[in-house]
Structure formats: structure tokens, C-alpha cells
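> First the structure, which I've put down as C-alpha cells, then a few questions once you've had a look.
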Amino acid sequence: MALKAVHVSDVPSLDLVPENASLALCSSRFPNGVEMSRSGFKMPKFVVIGHRGNGMNVLQSSDRRMRAIKENTIMSFNAASTFPVDFIEFDVQVTKDDCPVIFHDDFILAEENGIVLGKRITELSLSEFLSYGPQREPGKEGKVLLRKKDGKIMQWDVEQDDSLCSLQEAFVKVEPTLGFNIELKFDDHIVYEQDYLVHVLQAILKVVFDYAKDRPIIFSSFQPDAALLVRKLQSNYPVFFLTNGGCEIYEDVRRNSLEEAMKLCLENGLEGIVSEIKGIFRNPGAVTKIKDSNLCLLSYGKLNNVPEAVYMQHLMGIDGVIVDLVQEITETVADMIKPTKVVGDGEGLTEGSMEVQVNSKPQFSQQELSFLLKLIPQLIQI
């Protein structure tokens, strides 16, 4: 791609929104809907989001749960939907014939004639992309998928495999009340032309508007210009900026801290931030600034599979977590805040009287919480 600056102010808003598109992010998982107003975007509760469905695959892990179901597949998405998750997160790229597909890596690997070949997702057609992995057509053999991690190439073996899929398939085949956190995936090493970004986002938005119906949708992206453009191109669904929160440093300074992420969101009307949890724990003071600015704050990262880290985030006022261990963390969150009937003075249960009782969450005084917030950044550095 040629190096060309993206001037978002030069991009006209596109009249893509159908008259019957739902403006409220509401489903049976959010009975009161998700509030979008001028005062900010608000989640109705602490939300749990399944990472790439029921969890990402870590092929070299000794934990079988990280190799249970192929990530970013219909099987993984519907497996997550059997637990009380609010959204699933997945990565969307667009093929050379303008079909949005779901796949995380920039390149797809397979062995052909004894040679490992990698092809960029965006340079494949839809049919070429779907020719990798298990095939839906009986008797048809797909190319055996490989994956590269830390310089090592290994076969993409999981306990329950499934075919690759398109975004349209996900809308049609996944439980309709389950929200979609659609990550707009771009290569970190490419500076994209404005026209290319707009073209890709238009292809994705067309599928969303044709098939979303009442499904809750959140867009997110690590690519700052893509995030700004998708906000410019539509106003139905919230847009979050993804950041490492300073855990890694990039040439684009907008990606290098929570403060830069907050600035980007406030200056361009984005609704929230999704940060690597280590970035938040290293800079806990940023949480108050972000919340005071009426921005929503979600987190991702390996620490989100640790119940105690999730407890801490709830205490800090973070709005939700993206997790791999969907069953375990949804159970943790359900135990953390549980509606409980209030028992009267010897008169049994008082009809209609309910209160939120925090069961397993540690009880901290403000002084103790302040101490923990000072301690955590030091622990994260270890």
C-alpha cells in the first residue's frame, strides 16, 4: 500500500443506514438495552465478551481449554452462546472480491507439495479462503491449516474443528441474541490509503446493515484511521478504539497510551476504549479520567482469565472483559454480583423485594483499594 495520510474530515458520511435499522443495542441478554446518548455510551452491567468466540487457540499450551474448539468459527461462537456472555469478539478482514471473512492472522498458512505457503487473507477470493481447513461439502478435502507462533510452525490441531466462515454466515447461523464485537482487522505494518480503508469498511457495513437486525453490535479497531472512518460512515453502532495501553510502542503515537486513546475518542466522537489489561493495571489512574469523560472502558489480555483480576476490574469501574475461559469467567461474574431476595423479620421472603448482593467479591475499604491501586502497577512490572 502506498503511504498516504487519511483525512477523516474529507470523508462524507455515507447514507448506508436502512430505515428499519435498530438504533438501540437491545437483546434478551440486555433486557433494558444499551444506552447510547449524547452523555456517552453505557453498558447496563459488567459485561463478559468471548474472545474469538469461546476463546482463542494457543496450540502450544498444555491447557486443553485453549485447544478445545477452533477459534473464530460458527461452532466456537455458538458454544460461547450457551454461557451468559453478552458479546463475542471476532476479527473481520475483507477478501479481494469484497467479502468480509472472519480470521485473526494477516496470513493463512498451509502445506502444499511439502512446502509451507503463506497467503495474505486480503489477497484471496472468498472461495480460496474457504478452501482451507474442514469443508462443509461432504467428501471434499480442504487444505490442512498451519499456524506460526514465535517463529515455530505447527499444525492447527484442536479437539473440535470447524470450517472457516464469512461475516454473513455468522449473522445467519449464530444465536441471534448474542452481541457481536466486530474487530476491524488491519496489518500493523501497512500504512493504508484512505480510499482502500473506506472501500473495506463499506463492504463490512453492507453485511452488517443487511443482516444485523436487532443484534447488538460494537465495532473496534487497533487501526486509528479505520476507527475514525467507521464512526464517520455510520452512527448506528458504537465504535471503540483498541490499544495496548503502552505495553508496546508504535510509530503512530495515537496507539501508545491510554491518554492518547482517550484523546482520540473524545476528539472524534468514539464511544469507548478497549485496552490490554496490563496497560490499565500499570496506569490505574487513567480509569477515573476515562470514566469521567463518559467513555466506556473494556479490557482484553491473558490476565482476564484470572478471576481475581476480573474482580479487581469490577471494583475499579471497568465496564467489561474480553476472555478466553468463557465458562469459568462467566461463572465468576455471576457469583460476583447476584440478585438475592431479601428475607423479612421471620415473615419469609418479602414479595418483589430484591437487592444486588455481592457474594464472592472481596470487600475493600477505600484506603485498602487505594493501596491496591498503587501496588498493582508495581506487581505488573515484575
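As shown in the C-alpha cells, the chain order sets the letters A, B, ...; within each chain, residues go from 1, and ligands are also counted from 1 in the order they appear.
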Once DSSP has gone over the backbone, tell me which residues of range 96-203 of chain A are in helix (DSSP H, G or I), as a list in words.

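DSSP-assigned helix (DSSP H, G or I) residues in range 96-203 of chain A: Ile121, Thr122, Glu123, Leu126, Ser127, Glu128, Phe129, Leu130, Leu167, Gln168, Glu169, Ala170, Phe171, Val172, Lys173, Gln194, Asp195, Tyr196, Leu197, Val198, His199, Val200, Leu201, Gln202 and Ala203 of chain A.
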
> Select from range 43-116 of chain A everything DSSP, run on the backbone, classes as strand (DSSP E), then give the selection as a PyMOL selection string.

chain A and resi 47-51+87-94+100-102+107-112+115-116

> Between A:Phe281, A:Phe107, A:Phe129, A:Phe90, which has the minimum distance to Ile318 in chain A (counting only C-alpha atoms)?

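Ranking A:Phe281, A:Phe107, A:Phe129, A:Phe90 by distance to Ile318 in chain A, first place goes to A:Phe281.
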
> Have a look at A:Asn181, A:Asn236, A:Gln202, A:Ser166 and name the one nearest to Ile74 in chain A; count only C-alpha atoms.

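Once distances to Ile74 in chain A are computed over only C-alpha atoms, the minimum belongs to A:Ser166.
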
> List the spatial neighbours of Tyr300 in chain A as a VMD selection string - criterion: any atom at most 6 Å away, only C-alpha atoms, same-chain residues fewer than 2 positions off excluded.

chain A and resid 276 to 277 322

> Please, could you write that set of residues out with N, CA and C atoms as a PDB file, in the first residue's frame?


ATOM      1  N   GLU A 276      -5.483  -3.495  26.548  1.00  0.00           N
ATOM      2  CA  GLU A 276      -4.781  -4.600  27.199  1.00  0.00           C
ATOM      3  C   GLU A 276      -4.819  -4.313  28.703  1.00  0.00           C
ATOM      4  N   ILE A 277      -5.236  -5.289  29.499  1.00  0.00           N
ATOM      5  CA  ILE A 277      -5.435  -5.066  30.924  1.00  0.00           C
ATOM      6  C   ILE A 277      -4.137  -4.683  31.634  1.00  0.00           C
ATOM      7  N   ILE A 322     -12.892  -9.030  27.952  1.00  0.00           N
ATOM      8  CA  ILE A 322     -12.837  -9.990  26.850  1.00  0.00           C
ATOM      9  C   ILE A 322     -12.004 -11.163  27.347  1.00  0.00           C
TER      10      ILE A 322
END

> Let me make sure I understand: among A:Leu242, A:Met262, A:Val92, A:Cys247, which one has the smallest atom-to-atom distance to Leu164 in chain A if we use only C-alpha atoms?

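For Leu164 in chain A, the nearest of the given residues is A:Val92.
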
> Taking only C-alpha atoms into account, which of A:Phe41, A:Phe222, A:Tyr192, A:Tyr237 comes nearest Asp91 in chain A?

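For Asp91 in chain A, the nearest of the given residues is A:Phe222.
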
> Using only C-alpha atoms, can you tell me which of A:Arg65, A:Arg147, A:Lys185, A:Lys289 comes closest to Leu197 in chain A?

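For Leu197 in chain A, the nearest of the given residues is A:Lys185.
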
> Counting only C-alpha atoms, figure out which residue out of A:Lys45, A:Gly55, A:Asp86, A:Phe186 gets nearest to Lys302 in chain A.

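The closest residue to Lys302 in chain A is A:Gly55.
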
> Name the residues in contact with Phe171 in chain A at a cut-off of 8 Å, using only C-alpha atoms, excluding same-chain residues fewer than 4 positions from it; report them as a VMD selection string.

chain A and resid 167 176 211 to 212

> Keeping N, CA, C and O atoms for every residue in the selection just given, could you write it to a file as a PDB file, in the first residue's frame?


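Ended up saving to out-v2.pdb:
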ATOM      1  N   LEU A 167     -18.526 -13.274   7.465  1.00  0.00           N
ATOM      2  CA  LEU A 167     -19.316 -12.467   8.403  1.00  0.00           C
ATOM      3  C   LEU A 167     -20.806 -12.703   8.184  1.00  0.00           C
ATOM      4  O   LEU A 167     -21.578 -12.789   9.146  1.00  0.00           O
ATOM      5  N   PRO A 176     -29.158 -15.445  17.705  1.00  0.00           N
ATOM      6  CA  PRO A 176     -29.420 -14.040  17.347  1.00  0.00           C
ATOM      7  C   PRO A 176     -29.386 -13.042  18.495  1.00  0.00           C
ATOM      8  O   PRO A 176     -29.258 -11.841  18.254  1.00  0.00           O
ATOM      9  N   TYR A 211     -27.822  -7.735   7.617  1.00  0.00           N
ATOM     10  CA  TYR A 211     -28.076  -8.949   8.387  1.00  0.00           C
ATOM     11  C   TYR A 211     -28.141  -8.758   9.911  1.00  0.00           C
ATOM     12  O   TYR A 211     -28.565  -9.680  10.617  1.00  0.00           O
ATOM     13  N   ALA A 212     -27.768  -7.610  10.432  1.00  0.00           N
ATOM     14  CA  ALA A 212     -27.687  -7.465  11.894  1.00  0.00           C
ATOM     15  C   ALA A 212     -29.045  -7.545  12.577  1.00  0.00           C
ATOM     16  O   ALA A 212     -29.163  -8.071  13.686  1.00  0.00           O
TER      17      ALA A 212
END

> Please list as an NGL selection string every residue within 6 Å of Val323 in chain A, counting only C-alpha atoms and excluding residues in the same chain fewer than 6 positions away.

:A and (50-51 or 304-305)

> I'd like the interatomic distance between CA of Glu251 in chain A and CA of Ser299 in chain A, to a tenth of an Å.

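Here the two named atoms are 22.6 Å from each other.
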